[in-house]
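Below is the file upload.cif, which contains mmCIF, C-alpha atoms.
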```
data_my_file
loop_
_atom_site.label_atom_id
_atom_site.label_comp_id
_atom_site.auth_asym_id
_atom_site.auth_seq_id
_atom_site.Cartn_x
_atom_site.Cartn_y
_atom_site.Cartn_z
CA MET A 13 33.75 9.38 4.94
CA TYR A 14 33.81 12.25 7.42
CA GLY A 15 37.17 13.40 6.03
CA TRP A 16 35.64 13.45 2.56
CA ILE A 17 32.68 15.53 3.79
CA TRP A 18 35.04 17.89 5.58
CA ARG A 19 37.05 18.44 2.42
CA LYS A 20 33.89 19.10 0.38
CA LEU A 21 32.70 21.82 2.76
CA PRO A 22 33.53 25.35 1.58
CA GLY A 23 35.39 28.05 3.46
CA ASN A 24 38.01 27.99 6.18
CA ALA A 25 38.04 25.77 9.25
CA ALA A 26 35.64 27.93 11.24
CA ILE A 27 33.05 27.96 8.49
CA LYS A 28 33.47 24.24 7.95
CA ALA A 29 32.94 23.65 11.67
CA ALA A 30 29.80 25.79 11.68
CA ILE A 31 28.35 23.98 8.67
CA SER A 32 29.23 20.62 10.25
CA LEU A 33 27.41 21.58 13.40
CA LEU A 34 24.34 22.56 11.38
CA LEU A 35 24.49 19.28 9.47
CA ILE A 36 24.72 17.30 12.72
CA LEU A 37 21.78 19.19 14.20
CA GLY A 38 19.78 18.59 11.04
CA VAL A 39 20.46 14.86 11.13
CA VAL A 40 19.55 14.62 14.84
CA TYR A 41 16.35 16.57 14.19
CA ALA A 42 15.41 14.27 11.31
CA LEU A 43 16.08 11.23 13.48
CA PHE A 44 13.95 12.48 16.38
CA GLN A 45 11.19 13.85 14.21
CA TYR A 46 10.82 11.14 11.56
CA VAL A 47 13.01 8.06 11.97
CA PHE A 48 12.61 7.28 15.68
CA PRO A 49 8.82 7.78 15.77
CA TRP A 50 8.66 5.31 12.91
CA ALA A 51 11.00 2.80 14.56
CA GLU A 52 9.66 3.01 18.10
CA PRO A 53 6.37 1.11 17.52
CA LEU A 54 8.44 -1.82 16.27
CA LEU A 55 9.61 -2.25 19.86
CA PRO A 56 7.27 -3.90 22.36
CA PHE A 57 6.61 -0.94 24.70
CA ASN A 58 3.28 -0.11 23.08
CA ASP A 59 1.55 -3.36 23.94
CA VAL A 60 -0.33 -2.61 27.12
CA THR A 61 -3.80 -3.88 26.25
CA VAL A 62 -5.34 -7.33 26.22
CA ASP A 63 -6.90 -6.90 22.80
CA GLN A 64 -5.23 -9.72 20.91
CA MET B 26 49.04 -1.43 3.24
CA SER B 27 47.57 -0.04 0.08
CA VAL B 28 45.55 3.16 0.16
CA SER B 29 42.28 1.53 -0.84
CA VAL B 30 42.36 -0.95 2.06
CA ARG B 31 43.03 1.93 4.40
CA VAL B 32 40.02 3.82 3.00
CA ILE B 33 37.76 0.77 3.35
CA VAL B 34 38.82 0.11 6.94
CA ARG B 35 38.46 3.76 7.88
CA THR B 36 35.03 4.09 6.28
CA PHE B 37 33.86 0.90 7.95
CA SER B 38 35.03 2.19 11.34
CA GLU B 39 33.29 5.50 10.78
CA LEU B 40 30.07 3.71 9.88
CA CYS B 41 30.28 1.58 13.02
CA VAL B 42 30.78 4.66 15.20
CA THR B 43 27.87 6.35 13.41
CA VAL B 44 25.55 3.39 13.97
CA GLY B 45 26.58 3.35 17.63
CA MET B 46 25.76 7.03 17.99
CA VAL B 47 22.37 6.54 16.35
CA ILE B 48 21.58 3.69 18.75
CA VAL B 49 22.55 5.82 21.74
CA LEU B 50 20.34 8.63 20.42
CA PHE B 51 17.47 6.17 19.94
CA VAL B 52 17.75 5.02 23.55
CA VAL B 53 17.68 8.66 24.64
CA TYR B 54 14.58 9.13 22.49
CA VAL B 55 12.75 6.12 23.92
CA VAL B 56 13.71 6.62 27.56
CA VAL B 57 13.74 10.42 27.86
CA TRP B 58 12.18 12.15 24.92
CA THR B 59 8.93 10.15 24.70
CA GLY B 60 8.47 10.96 28.39
CA VAL B 61 9.05 14.67 27.90
CA ARG B 62 6.59 14.72 25.03
CA ALA B 63 4.01 12.60 26.89
CA ASP B 64 4.20 14.66 30.09
CA HIS B 65 3.59 17.75 28.02
CA ALA B 66 0.71 16.09 26.14
CA MET B 67 -0.89 14.77 29.35
CA ASP B 68 -0.72 18.17 31.02
CA GLY B 69 -2.33 19.60 27.90
CA GLN B 70 -5.12 17.02 28.04
CA ILE B 71 -5.82 17.77 31.72
CA ASP B 72 -5.83 21.52 31.03
CA GLN B 73 -8.22 20.95 28.15
CA LEU B 74 -10.55 18.96 30.42
CA GLN B 75 -10.44 21.55 33.17
CA ASP B 76 -11.20 24.29 30.65
CA GLN B 77 -14.17 22.28 29.43
CA TRP B 78 -15.41 21.70 32.96
CA ALA B 79 -14.89 25.35 33.90
CA LYS B 80 -17.04 26.36 30.95
CA GLY B 81 -19.79 24.23 32.40
CA SER B 82 -19.92 21.45 29.85
CA VAL B 83 -19.77 18.74 32.46
CA PRO B 84 -21.72 15.50 32.23
CA THR B 85 -24.80 15.39 34.42
CA ALA B 86 -23.97 13.91 37.76
CA PRO B 87 -26.07 10.95 38.79
CA GLU B 88 -27.71 11.64 42.15
CA ASP B 89 -27.20 8.12 43.34
CA PRO B 90 -25.43 5.40 41.40
CA ASP B 91 -28.18 2.89 41.99
CA ALA B 92 -31.10 5.20 41.28
CA GLU B 93 -30.44 6.01 37.66
CA ALA B 94 -32.13 3.84 35.07
CA PRO B 95 -31.41 3.75 31.37
CA PRO B 96 -33.92 6.20 29.92
CA GLU B 97 -34.62 4.46 26.65
CA GLY B 98 -35.59 0.84 27.30
CA SER B 99 -34.19 -0.86 30.36
CA ALA B 100 -33.22 -3.93 28.36
CA GLY B 101 -30.34 -2.21 26.58
CA PRO B 102 -26.93 -1.41 27.98
CA PRO B 103 -26.57 1.68 30.16
CA PRO B 104 -26.60 4.96 28.24
CA GLN B 105 -23.19 5.70 26.82
CA PRO B 106 -21.85 9.14 27.59
CA ALA B 107 -20.61 10.59 24.33
CA TYR B 108 -16.97 9.75 24.74
CA GLN B 109 -15.19 10.85 21.59
CA ASP B 110 -12.43 8.64 20.32
CA GLY B 111 -9.04 9.99 21.30
CA LYS B 112 -10.50 12.74 23.51
CA PRO B 113 -10.03 13.04 27.27
CA PHE B 114 -13.07 12.65 29.51
CA ALA B 115 -11.75 12.01 33.02
CA VAL B 116 -8.75 12.39 35.29
CA MET B 117 -7.40 9.48 37.32
CA TYR B 118 -5.63 9.73 40.67
CA ILE B 119 -3.87 6.81 42.35
CA PRO B 120 -2.52 7.84 45.78
CA ARG B 121 -0.24 4.77 45.87
CA PHE B 122 1.72 6.27 42.96
CA GLY B 123 2.25 9.52 44.85
CA SER B 124 0.08 12.50 45.72
CA GLY B 125 1.14 14.30 42.56
CA TRP B 126 0.15 11.44 40.26
CA SER B 127 -2.75 12.36 38.04
CA LYS B 128 -3.31 11.32 34.45
CA PRO B 129 -5.97 12.04 31.87
CA VAL B 130 -8.14 9.18 30.65
CA LEU B 131 -8.82 9.24 26.92
CA GLU B 132 -11.30 7.24 24.89
CA GLY B 133 -9.80 4.30 23.02
CA THR B 134 -6.60 2.31 23.25
CA LYS B 135 -4.94 3.20 19.96
CA ALA B 136 -1.18 3.71 20.12
CA GLY B 137 -1.56 7.41 19.38
CA THR B 138 -4.11 7.82 22.16
CA LEU B 139 -1.93 6.08 24.74
CA LYS B 140 0.83 8.59 24.02
CA LYS B 141 -1.37 11.32 25.46
CA GLY B 142 -2.74 9.59 28.53
CA LEU B 143 -4.42 6.46 29.77
CA GLY B 144 -6.79 4.76 27.35
CA HIS B 145 -10.32 3.55 28.06
CA TYR B 146 -11.15 0.31 26.24
CA ASP B 147 -13.96 1.59 24.05
CA ARG B 148 -16.06 -1.58 24.28
CA THR B 149 -16.19 -1.50 28.08
CA ALA B 150 -18.55 0.29 30.43
CA PRO B 151 -18.43 4.07 30.92
CA LEU B 152 -16.97 5.54 34.09
CA GLY B 153 -19.01 4.72 37.17
CA GLU B 154 -21.56 2.69 35.28
CA ARG B 155 -22.60 -0.91 35.76
CA GLY B 156 -20.08 -3.20 34.08
CA ASN B 157 -16.33 -2.97 33.78
CA PHE B 158 -14.61 0.37 33.17
CA ALA B 159 -11.29 -0.84 31.73
CA VAL B 160 -8.24 1.37 31.28
CA ALA B 161 -4.81 0.65 29.76
CA GLY B 162 -1.61 2.59 30.30
CA HIS B 163 2.08 2.52 29.47
CA ARG B 164 4.33 1.06 32.09
CA ARG B 165 7.49 2.32 30.40
CA THR B 166 8.05 5.06 27.83
CA TYR B 167 5.60 7.86 27.13
CA GLY B 168 5.79 9.25 30.63
CA ASP B 169 5.85 5.88 32.43
CA PRO B 170 2.31 6.40 33.83
CA PHE B 171 2.02 2.85 35.25
CA LYS B 172 5.68 2.46 36.24
CA ASP B 173 4.77 1.54 39.85
CA PHE B 174 1.95 -0.81 38.85
CA PRO B 175 3.40 -3.81 40.77
CA ARG B 176 3.17 -1.82 44.02
CA LEU B 177 -0.63 -1.74 43.89
CA ARG B 178 -2.29 -3.71 46.66
CA ARG B 179 -5.74 -4.78 47.73
CA GLY B 180 -7.62 -1.84 49.22
CA ASP B 181 -5.69 0.86 47.34
CA ALA B 182 -7.84 3.66 46.01
CA VAL B 183 -8.22 4.55 42.35
CA VAL B 184 -10.01 7.88 42.18
CA LEU B 185 -11.49 9.34 39.02
CA THR B 186 -13.42 12.46 38.22
CA ASP B 187 -15.41 13.34 35.13
CA GLY B 188 -15.83 16.94 36.22
CA ALA B 189 -19.16 16.34 37.95
CA THR B 190 -18.56 13.37 40.22
CA TRP B 191 -15.70 11.81 42.13
CA PHE B 192 -15.56 8.02 41.78
CA THR B 193 -13.51 6.09 44.32
CA TYR B 194 -12.70 2.53 43.35
CA ARG B 195 -10.98 0.06 45.69
CA ILE B 196 -8.52 -2.46 44.30
CA ALA B 197 -9.39 -6.09 44.95
CA ASN B 198 -6.15 -7.94 44.23
CA LYS B 199 -2.41 -7.81 43.88
CA PRO B 200 -1.37 -7.29 40.25
CA TYR B 201 -2.31 -10.39 38.32
CA LYS B 202 -0.01 -11.58 35.56
CA THR B 203 -1.66 -12.96 32.47
CA LEU B 204 -1.26 -13.38 28.74
CA PRO B 205 -2.10 -10.69 26.17
CA THR B 206 -4.82 -12.96 24.76
CA ASP B 207 -6.68 -13.12 28.08
CA VAL B 208 -9.44 -10.71 27.05
CA ALA B 209 -11.74 -12.07 29.79
CA VAL B 210 -9.99 -9.77 32.27
CA VAL B 211 -12.03 -6.86 30.90
CA ASP B 212 -15.33 -8.76 30.98
CA PRO B 213 -18.28 -6.93 32.60
CA VAL B 214 -17.85 -9.28 35.55
CA PRO B 215 -14.18 -10.27 35.67
CA GLU B 216 -14.38 -13.66 37.31
CA LYS B 217 -10.70 -13.98 38.10
CA ALA B 218 -11.00 -10.95 40.35
CA GLY B 219 -13.34 -12.93 42.58
CA PHE B 220 -16.33 -10.71 41.84
CA ASP B 221 -19.41 -12.90 41.93
CA GLY B 222 -22.10 -10.75 40.34
CA PRO B 223 -22.79 -7.70 38.21
CA GLY B 224 -21.42 -4.50 39.65
CA ARG B 225 -19.48 -1.36 38.93
CA TYR B 226 -15.95 -2.54 38.31
CA LEU B 227 -12.70 -1.08 37.07
CA THR B 228 -9.80 -2.86 35.39
CA LEU B 229 -6.32 -1.47 34.83
CA THR B 230 -3.95 -3.16 32.39
CA THR B 231 -0.31 -2.59 31.54
CA CYS B 232 2.57 -4.58 30.14
CA GLU B 233 4.75 -7.14 31.89
CA PRO B 234 7.72 -7.38 32.07
CA GLU B 235 8.56 -3.75 32.51
CA TRP B 236 10.23 -3.28 29.11
CA GLY B 237 8.59 -6.22 27.35
CA SER B 238 5.27 -7.33 25.97
CA SER B 239 5.05 -11.06 26.59
CA HIS B 240 2.53 -10.69 29.42
CA ARG B 241 0.14 -8.19 30.98
CA LEU B 242 -0.40 -7.07 34.55
CA ILE B 243 -3.98 -6.57 35.67
CA VAL B 244 -5.66 -5.12 38.73
CA TRP B 245 -9.37 -5.04 39.35
CA ALA B 246 -11.36 -2.73 41.56
CA HIS B 247 -14.96 -2.11 42.52
CA LEU B 248 -16.73 1.21 42.95
CA ASP B 249 -16.64 2.07 46.63
CA ALA B 250 -18.02 5.61 46.80
CA THR B 251 -19.13 8.52 44.68
CA GLN B 252 -19.66 12.14 45.54
CA PRO B 253 -20.42 15.29 43.57
CA VAL B 254 -17.44 17.55 42.98
CA GLU B 255 -19.18 20.33 44.91
CA ARG B 256 -18.64 18.32 48.07
CA GLY B 257 -14.86 18.48 47.63
CA LYS B 258 -12.25 15.84 47.10
CA PRO B 259 -12.97 12.33 48.33
CA ALA B 260 -11.31 11.12 51.51
CA ALA B 261 -9.10 8.72 49.57
CA LEU B 262 -7.16 11.63 48.11
CA GLY B 263 -6.58 12.89 51.64
CA ARG B 264 -4.43 15.76 52.76
#
```
Any chance you could put this one into structure tokens?
Amino acid sequence: MYGWIWRKLPGNAAIKAAISLLLILGVVYALFQYVFPWAEPLLPFNDVTVDQ
Amino acid sequence: MSVSVRVIVRTFSELCVTVGMVIVLFVVYVVVWTGVRADHAMDGQIDQLQDQWAKGSVPTAPEDPDAEAPPEGSAGPPPQPAYQDGKPFAVMYIPRFGSGWSKPVLEGTKAGTLKKGLGHYDRTAPLGERGNFAVAGHRRTYGDPFKDFPRLRRGDAVVLTDGATWFTYRIANKPYKTLPTDVAVVDPVPEKAGFDGPGRYLTLTTCEPEWGSSHRLIVWAHLDATQPVERGKPAALGR
């Protein structure tokens, strides 16, 4: 999978590495910004009241 | 070994490593990042309050807690200060948690509100008024405001200010473990606290166990002293 992505990236090794780094940063950003905030309320740390 | 089996095994391994990395990142998010964000948000809320108070839009300070009467019809509940949902209206200090511990108190207990500070149960009494001023806070994640909750003891001070008045409450019990359905703990007169009549009470709630949600920890307190902010910080905040 990662080998396939690596081969699809254009340019020489340095450019491929730079693009990879950008891709990784983008994925981490998306996780922290969108996926984790959605997933976190499914865990029990938000239940601090005696409402129900 | 044929090439296709090799590709399947390799892809499967890569997926497993990827899932592992995502889980590690998620733990970092829950344990560290929510705290960073919440600390920032709480500081912002306190700054916002202090700006408001500096501009002079403070609630009117009651001269004496027992002297004030509800202006419109004494049969109704005490007049509600206009707490706006999700907005900060007070700052809480608990010396037991450390001299630097101060958190904003926001109106309401929605999940989004509790990310920015402690949450006042919107059906309970206003700060310093007759009845039960009930506040919930995270024990873990989002800045861990109530991390040291089990260390609270009878006689500990819980100090709040709304910009005009300092309110010093005194805790009446060791943290009491109960079920999430036990809504009676935020009653105007919480009987389990041993309070025997109407008064000016405070209830703090958080989750138990530390990282779980099966139970709640509760402490109760009663209003011990009030003083206008012009007279300086209350003795309970000390040094």
Find the residues in chain B near chain A: any atom within 10 Å counts, using all atoms listed in the file. Write them as a PDB file with C-alpha atoms, keeping the file's coordinate frame.
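In the end it all went to selection-v8.pdb:
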```pdb
ATOM      1  CA  VAL B  32      40.020   3.820   3.000  1.00  0.00           C
ATOM      2  CA  ILE B  33      37.760   0.770   3.350  1.00  0.00           C
ATOM      3  CA  ARG B  35      38.460   3.760   7.880  1.00  0.00           C
ATOM      4  CA  THR B  36      35.030   4.090   6.280  1.00  0.00           C
ATOM      5  CA  PHE B  37      33.860   0.900   7.950  1.00  0.00           C
ATOM      6  CA  SER B  38      35.030   2.190  11.340  1.00  0.00           C
ATOM      7  CA  GLU B  39      33.290   5.500  10.780  1.00  0.00           C
ATOM      8  CA  LEU B  40      30.070   3.710   9.880  1.00  0.00           C
ATOM      9  CA  VAL B  47      22.370   6.540  16.350  1.00  0.00           C
ATOM     10  CA  LEU B  50      20.340   8.630  20.420  1.00  0.00           C
ATOM     11  CA  PHE B  51      17.470   6.170  19.940  1.00  0.00           C
ATOM     12  CA  VAL B  52      17.750   5.020  23.550  1.00  0.00           C
ATOM     13  CA  VAL B  53      17.680   8.660  24.640  1.00  0.00           C
ATOM     14  CA  TYR B  54      14.580   9.130  22.490  1.00  0.00           C
ATOM     15  CA  VAL B  55      12.750   6.120  23.920  1.00  0.00           C
ATOM     16  CA  TRP B  58      12.180  12.150  24.920  1.00  0.00           C
ATOM     17  CA  THR B  59       8.930  10.150  24.700  1.00  0.00           C
ATOM     18  CA  THR B 134      -6.600   2.310  23.250  1.00  0.00           C
ATOM     19  CA  LYS B 135      -4.940   3.200  19.960  1.00  0.00           C
ATOM     20  CA  ALA B 136      -1.180   3.710  20.120  1.00  0.00           C
ATOM     21  CA  GLY B 137      -1.560   7.410  19.380  1.00  0.00           C
ATOM     22  CA  LEU B 139      -1.930   6.080  24.740  1.00  0.00           C
ATOM     23  CA  LYS B 140       0.830   8.590  24.020  1.00  0.00           C
ATOM     24  CA  GLY B 144      -6.790   4.760  27.350  1.00  0.00           C
ATOM     25  CA  TYR B 146     -11.150   0.310  26.240  1.00  0.00           C
ATOM     26  CA  ALA B 159     -11.290  -0.840  31.730  1.00  0.00           C
ATOM     27  CA  VAL B 160      -8.240   1.370  31.280  1.00  0.00           C
ATOM     28  CA  ALA B 161      -4.810   0.650  29.760  1.00  0.00           C
ATOM     29  CA  GLY B 162      -1.610   2.590  30.300  1.00  0.00           C
ATOM     30  CA  HIS B 163       2.080   2.520  29.470  1.00  0.00           C
ATOM     31  CA  ARG B 164       4.330   1.060  32.090  1.00  0.00           C
ATOM     32  CA  ARG B 165       7.490   2.320  30.400  1.00  0.00           C
ATOM     33  CA  THR B 166       8.050   5.060  27.830  1.00  0.00           C
ATOM     34  CA  TYR B 167       5.600   7.860  27.130  1.00  0.00           C
ATOM     35  CA  THR B 203      -1.660 -12.960  32.470  1.00  0.00           C
ATOM     36  CA  LEU B 204      -1.260 -13.380  28.740  1.00  0.00           C
ATOM     37  CA  PRO B 205      -2.100 -10.690  26.170  1.00  0.00           C
ATOM     38  CA  THR B 206      -4.820 -12.960  24.760  1.00  0.00           C
ATOM     39  CA  ASP B 207      -6.680 -13.120  28.080  1.00  0.00           C
ATOM     40  CA  VAL B 208      -9.440 -10.710  27.050  1.00  0.00           C
ATOM     41  CA  ALA B 209     -11.740 -12.070  29.790  1.00  0.00           C
ATOM     42  CA  VAL B 210      -9.990  -9.770  32.270  1.00  0.00           C
ATOM     43  CA  VAL B 211     -12.030  -6.860  30.900  1.00  0.00           C
ATOM     44  CA  LEU B 229      -6.320  -1.470  34.830  1.00  0.00           C
ATOM     45  CA  THR B 230      -3.950  -3.160  32.390  1.00  0.00           C
ATOM     46  CA  THR B 231      -0.310  -2.590  31.540  1.00  0.00           C
ATOM     47  CA  CYS B 232       2.570  -4.580  30.140  1.00  0.00           C
ATOM     48  CA  GLU B 233       4.750  -7.140  31.890  1.00  0.00           C
ATOM     49  CA  PRO B 234       7.720  -7.380  32.070  1.00  0.00           C
ATOM     50  CA  GLU B 235       8.560  -3.750  32.510  1.00  0.00           C
ATOM     51  CA  TRP B 236      10.230  -3.280  29.110  1.00  0.00           C
ATOM     52  CA  GLY B 237       8.590  -6.220  27.350  1.00  0.00           C
ATOM     53  CA  SER B 238       5.270  -7.330  25.970  1.00  0.00           C
ATOM     54  CA  SER B 239       5.050 -11.060  26.590  1.00  0.00           C
ATOM     55  CA  HIS B 240       2.530 -10.690  29.420  1.00  0.00           C
ATOM     56  CA  ARG B 241       0.140  -8.190  30.980  1.00  0.00           C
ATOM     57  CA  LEU B 242      -0.400  -7.070  34.550  1.00  0.00           C
ATOM     58  CA  ILE B 243      -3.980  -6.570  35.670  1.00  0.00           C
TER      59      ILE B 243
END
```
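Interatomic distance, atom CA of B:Asp212 against atom CA of B:Ser127: 25.6 Å.
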What separation in Å, quoted to one decimal, exists between atom CA of B:Pro215 and atom CA of B:Trp191?
23.1 Å
Please enumerate the residues selected by the PyMOL selection byres ((chain B and resi 248) around 10) when evaluated against the supplied file, formatted as a PyMOL selection string.
chain B and resi 90+152-155+182-184+192-196+224-227+246-247+249-251
Please identify all polymer residues within 12 Å of stretch 33-38 of chain A, counting only C-alpha atoms, omitting same-chain residues fewer than 2 positions from it, and present them as a list in words.
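So, after excluding close chain neighbours, the residues are Tyr14, Ile17, Trp18, Leu21, Ala26, Ile27, Lys28, Ala29, Ala30, Ile31, Val40, Tyr41, Ala42, Leu43, Phe44, Gln45 and Tyr46 of chain A; Thr43, Met46 and Val47 of chain B.
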For stretch 73-82 of chain B: contacts at 12 Å, all atoms listed in the file, fewer than 4 positions along chain excluded, given as a tab-separated table (two decimals) with C-alpha atoms, in the frame of the given file:
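Done, and the output landed in around11.tsv:
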```
chain	number	residue	atom	x	y	z
B	66	ALA	CA	0.71	16.09	26.14
B	67	MET	CA	-0.89	14.77	29.35
B	68	ASP	CA	-0.72	18.17	31.02
B	69	GLY	CA	-2.33	19.60	27.90
B	86	ALA	CA	-23.97	13.91	37.76
B	112	LYS	CA	-10.50	12.74	23.51
B	113	PRO	CA	-10.03	13.04	27.27
B	114	PHE	CA	-13.07	12.65	29.51
B	115	ALA	CA	-11.75	12.01	33.02
B	116	VAL	CA	-8.75	12.39	35.29
B	128	LYS	CA	-3.31	11.32	34.45
B	129	PRO	CA	-5.97	12.04	31.87
B	130	VAL	CA	-8.14	9.18	30.65
B	131	LEU	CA	-8.82	9.24	26.92
B	186	THR	CA	-13.42	12.46	38.22
B	187	ASP	CA	-15.41	13.34	35.13
B	188	GLY	CA	-15.83	16.94	36.22
B	189	ALA	CA	-19.16	16.34	37.95
B	190	THR	CA	-18.56	13.37	40.22
B	254	VAL	CA	-17.44	17.55	42.98
```
Please export stretch 157-170 of chain B as an mmCIF file, in the first residue's frame, restricted to C-alpha atoms.
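Below you can see out13.cif, which holds the result:
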```cif
data_model
loop_
_atom_site.group_PDB
_atom_site.id
_atom_site.type_symbol
_atom_site.label_atom_id
_atom_site.label_comp_id
_atom_site.auth_asym_id
_atom_site.auth_seq_id
_atom_site.Cartn_x
_atom_site.Cartn_y
_atom_site.Cartn_z
ATOM 1 C CA ASN B 157 -28.593 24.614 45.483
ATOM 2 C CA PHE B 158 -25.995 26.094 43.132
ATOM 3 C CA ALA B 159 -24.871 22.934 41.302
ATOM 4 C CA VAL B 160 -21.782 22.735 39.109
ATOM 5 C CA ALA B 161 -20.374 19.886 36.991
ATOM 6 C CA GLY B 162 -16.842 19.512 35.708
ATOM 7 C CA HIS B 163 -14.598 17.096 33.857
ATOM 8 C CA ARG B 164 -12.422 14.899 35.996
ATOM 9 C CA ARG B 165 -10.319 13.740 33.052
ATOM 10 C CA THR B 166 -9.797 15.212 29.587
ATOM 11 C CA TYR B 167 -10.538 18.813 28.676
ATOM 12 C CA GLY B 168 -8.028 20.223 31.114
ATOM 13 C CA ASP B 169 -8.784 17.780 33.954
ATOM 14 C CA PRO B 170 -10.422 20.521 36.086
#
```
